[in-house]
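Q: Got a structure for you, work-v2.tsv, holding TSV, C-alpha atoms.
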```
chain	number	residue	atom	x	y	z
U	24	MET	CA	-25.47	-1.34	-84.56
U	25	GLU	CA	-22.82	-4.04	-84.84
U	26	SER	CA	-20.81	-2.63	-81.93
U	27	GLN	CA	-23.94	-2.46	-79.77
U	28	ASN	CA	-24.61	-6.14	-80.54
U	29	HIS	CA	-21.06	-7.00	-79.42
U	30	CYS	CA	-21.65	-5.18	-76.12
U	31	SER	CA	-25.00	-6.89	-75.60
U	32	SER	CA	-23.62	-10.35	-76.28
U	33	PHE	CA	-20.77	-9.73	-73.85
U	34	LEU	CA	-23.17	-8.64	-71.12
U	35	HIS	CA	-25.07	-11.93	-71.50
U	36	HIS	CA	-22.17	-13.46	-69.58
U	37	PHE	CA	-23.16	-11.34	-66.58
U	38	PHE	CA	-26.91	-11.85	-66.97
U	39	PRO	CA	-27.55	-15.28	-68.53
U	40	ARG	CA	-31.11	-16.21	-69.47
U	41	SER	CA	-32.70	-19.64	-69.33
U	42	GLN	CA	-33.47	-21.35	-72.62
U	43	ASN	CA	-37.23	-20.97	-72.12
U	44	SER	CA	-37.07	-17.34	-71.10
U	45	THR	CA	-38.72	-14.81	-73.37
U	46	THR	CA	-37.73	-11.76	-71.36
U	47	THR	CA	-35.20	-9.36	-72.75
U	48	MET	CA	-31.94	-8.73	-71.02
U	49	PRO	CA	-32.26	-5.81	-68.59
U	50	HIS	CA	-30.70	-2.51	-69.53
U	51	ILE	CA	-27.64	-1.78	-67.43
U	52	PRO	CA	-27.08	1.93	-66.75
U	53	ASN	CA	-23.69	3.30	-67.75
U	54	GLU	CA	-23.02	4.22	-64.12
U	55	ILE	CA	-23.24	0.55	-63.11
U	56	VAL	CA	-21.11	-0.55	-66.06
U	57	LEU	CA	-18.45	1.98	-65.04
U	58	GLU	CA	-18.40	0.76	-61.45
U	59	ILE	CA	-17.83	-2.77	-62.72
U	60	LEU	CA	-15.08	-1.69	-65.11
U	61	TYR	CA	-13.21	0.24	-62.41
U	62	LEU	CA	-12.74	-3.03	-60.51
U	63	LEU	CA	-11.30	-5.03	-63.40
U	64	PRO	CA	-7.58	-5.66	-63.96
U	65	VAL	CA	-5.93	-3.47	-66.59
U	66	LYS	CA	-5.31	-6.49	-68.81
U	67	SER	CA	-9.06	-7.16	-68.90
U	68	LEU	CA	-9.80	-3.51	-69.62
U	69	MET	CA	-7.49	-3.59	-72.63
U	70	ARG	CA	-9.41	-6.57	-73.97
U	71	LEU	CA	-12.76	-4.90	-73.35
U	72	LYS	CA	-11.72	-1.93	-75.46
U	73	CYS	CA	-12.09	-4.29	-78.40
U	74	VAL	CA	-15.65	-5.33	-77.52
U	75	CYS	CA	-17.44	-2.23	-78.81
U	76	LYS	CA	-16.81	1.38	-79.73
U	77	SER	CA	-18.65	2.83	-76.73
U	78	TRP	CA	-16.53	0.85	-74.29
U	79	ARG	CA	-13.34	1.76	-76.13
U	80	LEU	CA	-14.21	5.46	-75.81
U	81	MET	CA	-15.25	4.99	-72.20
U	82	ILE	CA	-12.04	3.22	-71.11
U	83	SER	CA	-9.85	5.62	-73.11
U	84	ASP	CA	-11.38	8.68	-71.41
U	85	PRO	CA	-8.89	10.45	-69.07
U	86	ASP	CA	-11.66	10.78	-66.45
U	87	PHE	CA	-12.06	7.00	-66.48
U	88	ALA	CA	-8.30	6.62	-65.96
U	89	LYS	CA	-8.39	8.91	-62.92
U	90	LYS	CA	-11.27	7.05	-61.29
U	91	GLN	CA	-9.77	3.65	-62.06
U	92	LEU	CA	-6.54	4.89	-60.46
U	93	ILE	CA	-8.40	5.91	-57.30
U	94	VAL	CA	-9.88	2.40	-57.01
U	95	ALA	CA	-6.49	0.76	-57.69
U	96	LYS	CA	-4.82	2.85	-54.95
U	97	LYS	CA	-7.64	2.55	-52.44
U	98	GLU	CA	-5.96	-0.23	-50.45
U	99	PRO	CA	-2.25	0.64	-50.01
U	100	GLY	CA	-1.34	-2.89	-48.90
U	101	ASN	CA	-3.06	-4.58	-51.83
U	102	LEU	CA	-0.59	-6.28	-54.19
U	103	ASP	CA	-3.02	-7.24	-56.94
U	104	ASN	CA	-2.28	-4.26	-59.21
U	105	LEU	CA	1.46	-4.10	-58.59
U	106	ARG	CA	4.33	-5.44	-60.67
U	107	LEU	CA	8.10	-5.40	-60.55
U	108	ILE	CA	9.80	-3.89	-63.59
U	109	LEU	CA	13.37	-5.09	-64.06
U	110	HIS	CA	16.04	-3.56	-66.25
U	111	SER	CA	18.08	-6.51	-67.50
U	112	PRO	CA	21.20	-6.67	-69.67
U	113	TYR	CA	21.07	-6.89	-73.46
U	114	LEU	CA	18.52	-4.08	-73.90
U	115	ARG	CA	15.78	-5.96	-72.07
U	116	ILE	CA	13.08	-4.77	-69.74
U	117	LYS	CA	10.95	-7.39	-68.02
U	118	SER	CA	8.20	-7.38	-65.44
U	119	CYS	CA	6.79	-9.82	-62.92
U	120	SER	CA	3.68	-9.91	-60.76
U	121	LEU	CA	4.48	-8.72	-57.23
U	122	PRO	CA	1.99	-11.09	-55.52
U	123	SER	CA	3.83	-14.06	-57.05
U	124	ILE	CA	7.02	-12.94	-55.30
U	125	PHE	CA	5.35	-12.91	-51.90
U	126	TYR	CA	2.96	-15.84	-52.15
U	127	ASP	CA	4.03	-18.23	-54.93
U	128	PRO	CA	7.08	-20.53	-55.14
U	129	PHE	CA	8.34	-18.49	-58.09
U	130	GLY	CA	7.33	-15.75	-60.51
U	131	TYR	CA	7.21	-15.58	-64.28
U	132	SER	CA	8.63	-12.64	-66.20
U	133	ILE	CA	7.33	-11.13	-69.42
U	134	ASN	CA	9.32	-9.10	-71.92
U	135	HIS	CA	8.40	-5.50	-72.73
U	136	ASP	CA	9.04	-3.80	-76.04
U	137	TYR	CA	10.04	-0.54	-74.39
U	138	PRO	CA	10.21	2.79	-76.24
U	139	GLY	CA	13.52	3.93	-77.66
U	140	ARG	CA	14.95	0.45	-77.87
U	141	ASP	CA	16.60	1.30	-81.19
U	142	LEU	CA	18.32	4.36	-79.69
U	143	GLY	CA	20.63	2.56	-77.32
U	144	VAL	CA	20.95	1.08	-73.88
U	145	ILE	CA	18.68	2.35	-71.14
U	146	ASN	CA	20.89	3.83	-68.45
U	147	GLU	CA	18.29	4.46	-65.80
U	148	ILE	CA	14.76	3.84	-64.64
U	149	VAL	CA	14.21	7.30	-63.20
U	150	GLY	CA	11.05	6.46	-61.30
U	151	SER	CA	7.45	5.34	-61.46
U	152	TYR	CA	4.18	6.87	-60.34
U	153	ASP	CA	0.52	6.06	-61.09
U	154	GLY	CA	1.57	3.40	-63.58
U	155	LEU	CA	3.82	5.73	-65.58
U	156	VAL	CA	7.49	4.76	-65.76
U	157	CYS	CA	10.17	7.32	-66.64
U	158	ILE	CA	13.24	5.91	-68.40
U	159	CYS	CA	16.41	7.62	-69.57
U	160	ILE	CA	18.91	6.90	-72.36
U	161	ARG	CA	22.01	8.96	-71.61
U	162	ASP	CA	24.34	10.71	-74.01
U	163	MET	CA	27.12	13.29	-73.65
U	164	GLU	CA	25.29	15.86	-75.81
U	165	LYS	CA	21.68	15.20	-74.89
U	166	ASP	CA	19.65	12.61	-73.04
U	167	THR	CA	16.52	10.92	-74.35
U	168	ILE	CA	13.67	10.66	-71.86
U	169	PHE	CA	10.50	8.60	-72.20
U	170	VAL	CA	7.40	8.49	-70.03
U	171	TRP	CA	5.88	5.08	-70.60
U	172	ASN	CA	2.93	3.05	-69.37
U	173	PRO	CA	3.92	-0.60	-69.93
U	174	SER	CA	0.43	-1.83	-68.99
U	175	ILE	CA	-1.27	-0.12	-71.95
U	176	ARG	CA	1.86	0.04	-74.15
U	177	GLU	CA	1.72	3.80	-74.62
U	178	SER	CA	4.73	6.09	-74.38
U	179	ARG	CA	5.83	9.63	-74.96
U	180	MET	CA	9.28	10.92	-75.81
U	181	LEU	CA	10.11	14.25	-74.22
U	182	PRO	CA	11.38	17.09	-76.42
U	183	SER	CA	15.15	17.08	-76.73
U	184	ARG	CA	17.02	19.27	-74.26
U	185	PRO	CA	20.74	19.54	-75.20
U	186	PHE	CA	23.25	20.36	-72.50
U	187	GLU	CA	24.41	23.97	-72.66
U	188	GLN	CA	27.93	23.29	-71.37
U	189	LEU	CA	30.15	20.60	-69.94
U	190	PHE	CA	28.65	19.11	-66.83
U	191	PHE	CA	29.81	17.28	-63.74
U	192	LEU	CA	26.68	15.22	-63.09
U	193	VAL	CA	23.00	15.03	-64.05
U	194	SER	CA	20.23	13.92	-61.70
U	195	TYR	CA	16.69	13.23	-62.89
U	196	ALA	CA	13.43	12.75	-61.02
U	197	PHE	CA	9.84	11.95	-61.91
U	198	GLY	CA	6.75	12.89	-59.92
U	199	TYR	CA	3.21	14.20	-59.79
U	200	ASP	CA	1.96	17.71	-59.00
U	201	SER	CA	-1.53	17.26	-57.54
U	202	ILE	CA	-2.22	21.01	-57.53
U	203	THR	CA	-2.08	21.26	-61.31
U	204	ASP	CA	-2.81	17.56	-61.99
U	205	ASP	CA	0.41	17.26	-63.95
U	206	TYR	CA	3.24	14.75	-64.18
U	207	LYS	CA	6.68	16.32	-64.23
U	208	VAL	CA	10.29	15.40	-64.94
U	209	VAL	CA	13.03	17.28	-63.10
U	210	ARG	CA	16.61	17.60	-64.36
U	211	VAL	CA	19.44	18.93	-62.18
U	212	VAL	CA	22.69	19.63	-64.07
U	213	SER	CA	25.89	20.39	-62.18
U	214	CYS	CA	28.31	22.69	-64.04
U	215	SER	CA	31.61	24.23	-63.02
U	216	VAL	CA	31.54	28.04	-63.07
U	217	ASP	CA	34.63	29.96	-61.91
U	218	GLU	CA	35.81	26.95	-59.87
U	219	LEU	CA	32.40	26.74	-58.19
U	220	TYR	CA	29.56	24.36	-58.85
U	221	GLU	CA	26.22	25.57	-60.12
U	222	TYR	CA	23.21	23.28	-60.13
U	223	LYS	CA	20.83	24.33	-62.88
U	224	VAL	CA	17.30	22.97	-62.60
U	225	GLU	CA	14.77	22.42	-65.37
U	226	VAL	CA	11.26	21.02	-65.08
U	227	PHE	CA	9.32	19.34	-67.87
U	228	SER	CA	5.52	19.42	-67.72
U	229	LEU	CA	3.52	16.76	-69.54
U	230	LYS	CA	0.61	19.22	-69.74
U	231	SER	CA	2.54	22.03	-71.42
U	232	ASN	CA	4.89	19.66	-73.26
U	233	SER	CA	7.81	21.97	-72.53
U	234	TRP	CA	10.92	22.40	-70.40
U	235	ARG	CA	11.24	25.41	-68.15
U	236	LYS	CA	14.15	26.68	-66.07
U	237	ILE	CA	13.56	27.37	-62.40
U	238	ARG	CA	15.75	28.68	-59.60
U	239	ASN	CA	19.11	26.92	-59.22
U	240	PHE	CA	19.42	24.11	-56.72
U	241	PRO	CA	20.93	25.73	-53.58
U	242	TYR	CA	22.82	22.71	-52.23
U	243	LEU	CA	25.53	20.29	-53.36
U	244	LEU	CA	24.86	16.96	-55.05
U	245	PHE	CA	27.70	14.47	-55.42
U	246	ILE	CA	26.13	11.52	-57.23
U	247	ASP	CA	23.73	11.37	-60.14
U	248	GLU	CA	21.13	9.03	-58.63
U	249	ALA	CA	17.50	9.97	-59.21
U	250	GLY	CA	15.62	12.17	-56.79
U	251	LYS	CA	12.93	10.43	-54.73
U	252	HIS	CA	9.32	11.51	-55.22
U	253	VAL	CA	7.08	11.62	-52.15
U	254	ASN	CA	3.89	13.64	-51.65
U	255	GLY	CA	4.47	16.01	-54.56
U	256	SER	CA	8.09	16.73	-53.63
U	257	ILE	CA	11.43	15.47	-54.96
U	258	ASN	CA	14.01	14.56	-52.31
U	259	TRP	CA	17.81	14.30	-52.47
U	260	ALA	CA	20.63	13.64	-50.01
U	261	VAL	CA	22.74	16.81	-50.16
U	262	SER	CA	25.59	18.65	-48.46
U	263	ARG	CA	26.30	22.29	-47.73
U	264	ASP	CA	30.00	22.14	-48.57
U	265	ARG	CA	32.57	20.19	-50.56
U	266	ASN	CA	33.99	18.51	-47.48
U	267	ASN	CA	30.84	16.38	-47.16
U	268	ASP	CA	30.76	16.94	-43.40
U	269	HIS	CA	27.18	18.22	-43.21
U	270	TRP	CA	24.65	15.93	-44.90
U	271	PHE	CA	20.90	16.40	-44.84
U	272	ILE	CA	17.76	15.94	-46.98
U	273	ALA	CA	16.60	18.68	-49.34
U	274	SER	CA	13.37	18.70	-51.33
U	275	LEU	CA	11.84	20.49	-54.29
U	276	ASN	CA	8.09	21.10	-54.13
U	277	LEU	CA	6.73	20.45	-57.63
U	278	ALA	CA	3.77	22.81	-57.15
U	279	THR	CA	5.49	25.84	-55.60
U	280	GLU	CA	8.97	25.11	-57.06
U	281	SER	CA	10.48	26.00	-53.70
U	282	TYR	CA	13.25	24.20	-51.82
U	283	GLN	CA	12.96	22.96	-48.24
U	284	VAL	CA	14.98	20.98	-45.74
U	285	VAL	CA	13.42	17.71	-44.56
U	286	GLN	CA	14.35	16.81	-40.99
U	287	GLN	CA	15.92	13.40	-40.43
U	288	PRO	CA	15.35	11.03	-37.50
U	289	ASP	CA	17.22	11.88	-34.31
U	290	CYS	CA	19.55	8.92	-34.85
U	291	ALA	CA	20.98	10.49	-38.03
U	292	VAL	CA	24.60	11.65	-37.97
U	293	GLU	CA	25.20	14.77	-40.07
U	294	THR	CA	28.65	13.61	-41.17
U	295	VAL	CA	27.14	10.46	-42.74
U	296	LYS	CA	25.31	10.64	-46.06
U	297	PRO	CA	21.70	9.43	-45.70
U	298	ILE	CA	20.58	6.73	-48.13
U	299	LEU	CA	17.16	7.77	-49.43
U	300	ARG	CA	14.50	5.41	-50.72
U	301	VAL	CA	10.71	5.38	-51.12
U	302	LEU	CA	8.75	2.57	-49.50
U	303	GLY	CA	4.97	2.30	-49.76
U	304	GLY	CA	4.74	5.92	-50.88
U	305	GLN	CA	6.61	7.12	-47.80
U	306	LEU	CA	10.09	8.61	-47.54
U	307	CYS	CA	12.57	6.03	-46.28
U	308	VAL	CA	16.08	6.53	-44.89
U	309	MET	CA	18.59	3.71	-44.49
U	310	PHE	CA	21.41	3.73	-41.96
U	311	GLU	CA	24.14	1.11	-42.40
U	312	TYR	CA	26.13	-0.49	-39.62
U	313	ASP	CA	28.74	-3.27	-39.53
U	314	GLU	CA	26.40	-6.14	-40.41
U	315	THR	CA	22.92	-4.62	-40.59
U	316	ILE	CA	20.85	-1.85	-42.13
U	317	ASP	CA	18.16	0.09	-40.25
U	318	LEU	CA	15.14	1.24	-42.27
U	319	TRP	CA	13.24	4.31	-41.08
U	320	ILE	CA	10.05	5.63	-42.68
U	321	MET	CA	8.43	9.07	-42.42
U	322	GLN	CA	4.77	8.29	-41.82
U	323	GLU	CA	3.64	11.89	-42.37
U	324	TYR	CA	5.77	13.68	-44.93
U	325	GLY	CA	7.53	16.77	-43.57
U	326	VAL	CA	6.80	15.99	-39.91
U	327	LYS	CA	9.97	15.02	-38.07
U	328	GLU	CA	8.08	13.41	-35.19
U	329	SER	CA	6.51	10.91	-37.59
U	330	TRP	CA	9.79	9.10	-38.28
U	331	ARG	CA	9.72	5.53	-36.99
U	332	LYS	CA	12.09	2.63	-37.29
U	333	LEU	CA	10.51	-0.07	-39.44
U	334	VAL	CA	13.02	-2.90	-39.35
U	335	THR	CA	16.66	-3.92	-38.99
U	336	VAL	CA	17.82	-6.07	-41.91
U	337	PRO	CA	21.05	-8.12	-42.09
U	338	PHE	CA	23.34	-7.70	-45.10
U	339	TYR	CA	22.83	-10.19	-47.91
U	340	SER	CA	25.70	-9.07	-50.11
U	341	ASP	CA	28.97	-7.18	-49.86
U	342	PRO	CA	28.49	-4.47	-47.18
U	343	LEU	CA	30.39	-2.10	-49.47
U	344	HIS	CA	27.29	-2.20	-51.69
U	345	ALA	CA	24.90	-1.10	-48.93
U	346	ASN	CA	24.28	2.16	-50.80
U	347	TYR	CA	22.65	0.08	-53.53
U	348	ALA	CA	20.24	-1.79	-51.24
U	349	LYS	CA	16.66	-0.86	-52.10
U	350	PRO	CA	13.54	-1.80	-50.12
U	351	LEU	CA	10.72	-2.42	-52.60
U	352	PHE	CA	7.59	-3.38	-50.67
U	353	TYR	CA	6.54	-4.48	-47.21
U	354	LEU	CA	3.49	-6.22	-45.82
U	355	LYS	CA	1.91	-5.61	-42.45
U	356	ASP	CA	2.46	-9.26	-41.55
U	357	GLY	CA	6.19	-8.57	-41.34
U	358	ALA	CA	7.53	-9.47	-44.79
U	359	ILE	CA	9.67	-7.01	-46.73
U	360	LEU	CA	11.15	-7.35	-50.23
U	361	ILE	CA	14.59	-5.81	-50.73
U	362	ASP	CA	16.92	-5.57	-53.71
U	363	PHE	CA	20.51	-6.17	-52.61
U	364	TYR	CA	22.63	-5.07	-55.54
U	365	GLY	CA	20.89	-7.27	-58.09
U	366	MET	CA	19.64	-9.95	-55.71
U	367	LEU	CA	16.05	-10.04	-54.44
U	368	VAL	CA	15.62	-10.99	-50.79
U	369	LEU	CA	12.30	-11.60	-49.05
U	370	TYR	CA	12.88	-11.06	-45.33
U	371	ASN	CA	10.37	-11.81	-42.56
U	372	PHE	CA	11.49	-9.72	-39.62
U	373	HIS	CA	9.04	-11.32	-37.17
U	374	ARG	CA	10.57	-14.76	-37.75
U	375	ASN	CA	14.03	-13.52	-38.77
U	376	GLU	CA	13.87	-15.67	-41.91
U	377	SER	CA	14.85	-14.85	-45.45
U	378	THR	CA	14.43	-16.37	-48.89
U	379	SER	CA	15.62	-15.41	-52.35
U	380	PRO	CA	12.61	-15.41	-54.72
U	381	MET	CA	13.06	-16.98	-58.14
U	382	ILE	CA	11.76	-15.28	-61.28
U	383	TYR	CA	11.81	-17.44	-64.40
U	384	GLY	CA	13.39	-15.59	-67.29
U	385	VAL	CA	15.41	-13.24	-65.05
U	386	HIS	CA	18.95	-14.35	-64.23
U	387	HIS	CA	20.32	-10.95	-63.26
U	388	TYR	CA	19.32	-7.33	-63.61
U	389	HIS	CA	20.64	-3.79	-63.16
U	390	GLU	CA	17.63	-2.03	-61.68
U	391	VAL	CA	14.23	-2.90	-60.27
U	392	GLU	CA	11.21	-0.73	-59.57
U	393	VAL	CA	7.63	-1.31	-58.40
U	394	TYR	CA	4.90	0.05	-60.63
U	395	LEU	CA	1.13	0.15	-60.41
U	396	GLU	CA	-0.92	-1.18	-63.31
U	397	SER	CA	-3.17	1.63	-64.55
U	398	VAL	CA	-4.74	2.98	-67.74
U	399	VAL	CA	-3.21	6.46	-67.31
U	400	SER	CA	-1.90	7.55	-70.70
U	401	PRO	CA	1.21	9.75	-70.93
U	402	ASN	CA	-0.35	11.26	-74.06
U	403	SER	CA	-3.58	12.43	-72.42
U	404	TYR	CA	-1.73	15.25	-70.64
U	405	ASN	CA	-0.63	17.07	-73.79
```
Turn the structure described in the file into structure tokens.
A:
Amino acid sequence: MESQNHCSSFLHHFFPRSQNSTTTMPHIPNEIVLEILYLLPVKSLMRLKCVCKSWRLMISDPDFAKKQLIVAKKEPGNLDNLRLILHSPYLRIKSCSLPSIFYDPFGYSINHDYPGRDLGVINEIVGSYDGLVCICIRDMEKDTIFVWNPSIRESRMLPSRPFEQLFFLVSYAFGYDSITDDYKVVRVVSCSVDELYEYKVEVFSLKSNSWRKIRNFPYLLFIDEAGKHVNGSINWAVSRDRNNDHWFIASLNLATESYQVVQQPDCAVETVKPILRVLGGQLCVMFEYDETIDLWIMQEYGVKESWRKLVTVPFYSDPLHANYAKPLFYLKDGAILIDFYGMLVLYNFHRNESTSPMIYGVHHYHEVEVYLESVVSPNSYN
């Protein structure tokens, strides 16, 4: 009864009565309440979980999380539910509202008490999808992986997976399999076998809470950067031989666990390693020149004809660091936010103007990623 009274008193804010009114407050069907809740920011939803037991159960329901996610992703160009997460020195992870970067004079950062902080330094933000952020703490014997939702402060540590033998490199990736409604972590481990390289692949499923070996990766990887998740597939820049004279894009389909080749734009040169990124949920390839970088996006994943050149951006740091340039978000009005090796640059390619946004509390950082605020729990898939 007490929890119902809390809910009723809260709803009085939506339906106030005059002092002389003797009518009772109208009953609001759960369907209408849900439609209202779907539209609220995640921060407000977390507060509303404390209003009454029925709302706490409602907001904690995995079906609610899926529908709230659909509403949050309905407008791809909407910044309201997006934040930057920054991996800073001294074991710190901070975040900042993305709209403040584009529209305000400066942004404010907040600190996050991330999982595994007592285990050591985070080496890598593997990726983010649907509000879940995958982070990795590396070690020579075994790595520690967390899937974490910073918006609701829930996390999940993956079961330990020790390395079976000495390895040359390890590449991780994080993505979503829409066929099985499952979030997955991919690990590619390069080992030397009889003077040849083998690339062993393992996939972790949040639903089954287990690692599973799949067919070896058939191409050559030369750096341990994370694979890029687009449309249910993980993408890497790879080569067919050790001479690095034939570069292309290879993908792993998370549903079928099959490997494919993704065609590049016609301007690509096979002797030059493509720089892969993800921009607005689309596969992005960067081509560097003497003083500029061209950004191409694949508007329809897997269709070569859908590649189009988005923008040419001048260098804003040492050109030798072009491989570390990372486009983060772009608006249809011509503004694009790019990370240039630890420096944020907001570039308007219609006016050919650039600014360096200021974030209070962030002096420098190692990595930056865009994540969507959601109530998806990494623990609801076990």
Q: If we count all atoms listed in the file, what is near stretch 120-128 of chain U at a cut-off of 6 Å, once residues fewer than 3 positions away on the same chain are taken out, given as an MDAnalysis selection string?
A: chainID U and resid 102 105:107
Q: Take the residues just selected and output them with C-alpha atoms as a PDB file, keeping the file's coordinate frame.
A:
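Contents of part_36.pdb, freshly written:
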```pdb
ATOM      1  CA  LEU U 102      -0.590  -6.280 -54.190  1.00  0.00           C
ATOM      2  CA  LEU U 105       1.460  -4.100 -58.590  1.00  0.00           C
ATOM      3  CA  ARG U 106       4.330  -5.440 -60.670  1.00  0.00           C
ATOM      4  CA  LEU U 107       8.100  -5.400 -60.550  1.00  0.00           C
TER       5      LEU U 107
END
```
Q: Quick one: distance from atom CA of U:Ser178 to atom CA of U:Leu68 in Å, one decimal?
A: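 Answer for the atom CA of U:Ser178 to atom CA of U:Leu68 separation: 18.1 Å.
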Q: Within 7 Å of U:Asn258, counting only C-alpha atoms, which residues show up once you throw out same-chain ones fewer than 5 positions away? Write them as an MDAnalysis selection string, please.
A: chainID U and resid 250:252 272:275
Q: For the residues in the current selection, export C-alpha atoms as a PDB file, in the frame of the given file.
A:
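Wrote part-v9.pdb, looks like this:
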```
ATOM      1  CA  GLY U 250      15.620  12.170 -56.790  1.00  0.00           C
ATOM      2  CA  LYS U 251      12.930  10.430 -54.730  1.00  0.00           C
ATOM      3  CA  HIS U 252       9.320  11.510 -55.220  1.00  0.00           C
ATOM      4  CA  ILE U 272      17.760  15.940 -46.980  1.00  0.00           C
ATOM      5  CA  ALA U 273      16.600  18.680 -49.340  1.00  0.00           C
ATOM      6  CA  SER U 274      13.370  18.700 -51.330  1.00  0.00           C
ATOM      7  CA  LEU U 275      11.840  20.490 -54.290  1.00  0.00           C
TER       8      LEU U 275
END
```
Q: Between atom CA of U:Ala278 and atom CA of U:Ser201, what is the spacing in Å?
A: 7.7 Å
Q: Quick one: distance from atom CA of U:Thr315 to atom CA of U:Phe363 in Å, one decimal?
A: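 Distance reported for this atom pair: 12.4 Å.
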Q: Please determine, counting all atoms listed in the file, which residue among U:Ser256, U:Glu396, U:Leu155, U:Pro401 has the shortest atom-to-atom distance to U:Pro64.
A: U:Glu396
Q: Please complete stretch 368-384 of chain U so it has N, CA and C atoms, and hand it over as a PDB file, in the frame of the given file.
A:
```
ATOM      1  N   VAL U 368      15.696 -10.285 -52.069  1.00  0.00           N
ATOM      2  CA  VAL U 368      15.620 -10.990 -50.790  1.00  0.00           C
ATOM      3  C   VAL U 368      14.274 -10.680 -50.150  1.00  0.00           C
ATOM      4  N   LEU U 369      13.561 -11.731 -49.767  1.00  0.00           N
ATOM      5  CA  LEU U 369      12.300 -11.600 -49.050  1.00  0.00           C
ATOM      6  C   LEU U 369      12.579 -11.936 -47.588  1.00  0.00           C
ATOM      7  N   TYR U 370      12.477 -10.912 -46.731  1.00  0.00           N
ATOM      8  CA  TYR U 370      12.880 -11.060 -45.330  1.00  0.00           C
ATOM      9  C   TYR U 370      11.659 -10.906 -44.433  1.00  0.00           C
ATOM     10  N   ASN U 371      11.421 -11.885 -43.558  1.00  0.00           N
ATOM     11  CA  ASN U 371      10.370 -11.810 -42.560  1.00  0.00           C
ATOM     12  C   ASN U 371      11.002 -11.429 -41.233  1.00  0.00           C
ATOM     13  N   PHE U 372      10.774 -10.179 -40.803  1.00  0.00           N
ATOM     14  CA  PHE U 372      11.490  -9.720 -39.620  1.00  0.00           C
ATOM     15  C   PHE U 372      10.813 -10.161 -38.322  1.00  0.00           C
ATOM     16  N   HIS U 373       9.623 -10.735 -38.376  1.00  0.00           N
ATOM     17  CA  HIS U 373       9.040 -11.320 -37.170  1.00  0.00           C
ATOM     18  C   HIS U 373       9.681 -12.676 -36.867  1.00  0.00           C
ATOM     19  N   ARG U 374       9.971 -13.436 -37.941  1.00  0.00           N
ATOM     20  CA  ARG U 374      10.570 -14.760 -37.750  1.00  0.00           C
ATOM     21  C   ARG U 374      12.078 -14.768 -38.012  1.00  0.00           C
ATOM     22  N   ASN U 375      12.609 -13.636 -38.432  1.00  0.00           N
ATOM     23  CA  ASN U 375      14.030 -13.520 -38.770  1.00  0.00           C
ATOM     24  C   ASN U 375      14.439 -14.578 -39.782  1.00  0.00           C
ATOM     25  N   GLU U 376      13.618 -14.710 -40.836  1.00  0.00           N
ATOM     26  CA  GLU U 376      13.870 -15.670 -41.910  1.00  0.00           C
ATOM     27  C   GLU U 376      13.929 -14.944 -43.235  1.00  0.00           C
ATOM     28  N   SER U 377      14.720 -15.478 -44.142  1.00  0.00           N
ATOM     29  CA  SER U 377      14.850 -14.850 -45.450  1.00  0.00           C
ATOM     30  C   SER U 377      14.870 -15.902 -46.548  1.00  0.00           C
ATOM     31  N   THR U 378      14.373 -15.532 -47.706  1.00  0.00           N
ATOM     32  CA  THR U 378      14.430 -16.370 -48.890  1.00  0.00           C
ATOM     33  C   THR U 378      14.817 -15.493 -50.076  1.00  0.00           C
ATOM     34  N   SER U 379      15.285 -16.126 -51.129  1.00  0.00           N
ATOM     35  CA  SER U 379      15.620 -15.410 -52.350  1.00  0.00           C
ATOM     36  C   SER U 379      14.641 -15.837 -53.444  1.00  0.00           C
ATOM     37  N   PRO U 380      13.635 -15.014 -53.737  1.00  0.00           N
ATOM     38  CA  PRO U 380      12.610 -15.410 -54.720  1.00  0.00           C
ATOM     39  C   PRO U 380      13.211 -15.669 -56.093  1.00  0.00           C
ATOM     40  N   MET U 381      12.628 -16.645 -56.789  1.00  0.00           N
ATOM     41  CA  MET U 381      13.060 -16.980 -58.140  1.00  0.00           C
ATOM     42  C   MET U 381      12.065 -16.421 -59.149  1.00  0.00           C
ATOM     43  N   ILE U 382      12.589 -15.776 -60.184  1.00  0.00           N
ATOM     44  CA  ILE U 382      11.760 -15.280 -61.280  1.00  0.00           C
ATOM     45  C   ILE U 382      12.244 -15.939 -62.557  1.00  0.00           C
ATOM     46  N   TYR U 383      11.418 -16.785 -63.153  1.00  0.00           N
ATOM     47  CA  TYR U 383      11.810 -17.440 -64.400  1.00  0.00           C
ATOM     48  C   TYR U 383      11.987 -16.400 -65.499  1.00  0.00           C
ATOM     49  N   GLY U 384      13.094 -16.527 -66.212  1.00  0.00           N
ATOM     50  CA  GLY U 384      13.390 -15.590 -67.290  1.00  0.00           C
ATOM     51  C   GLY U 384      14.263 -14.430 -66.868  1.00  0.00           C
TER      52      GLY U 384
END
```
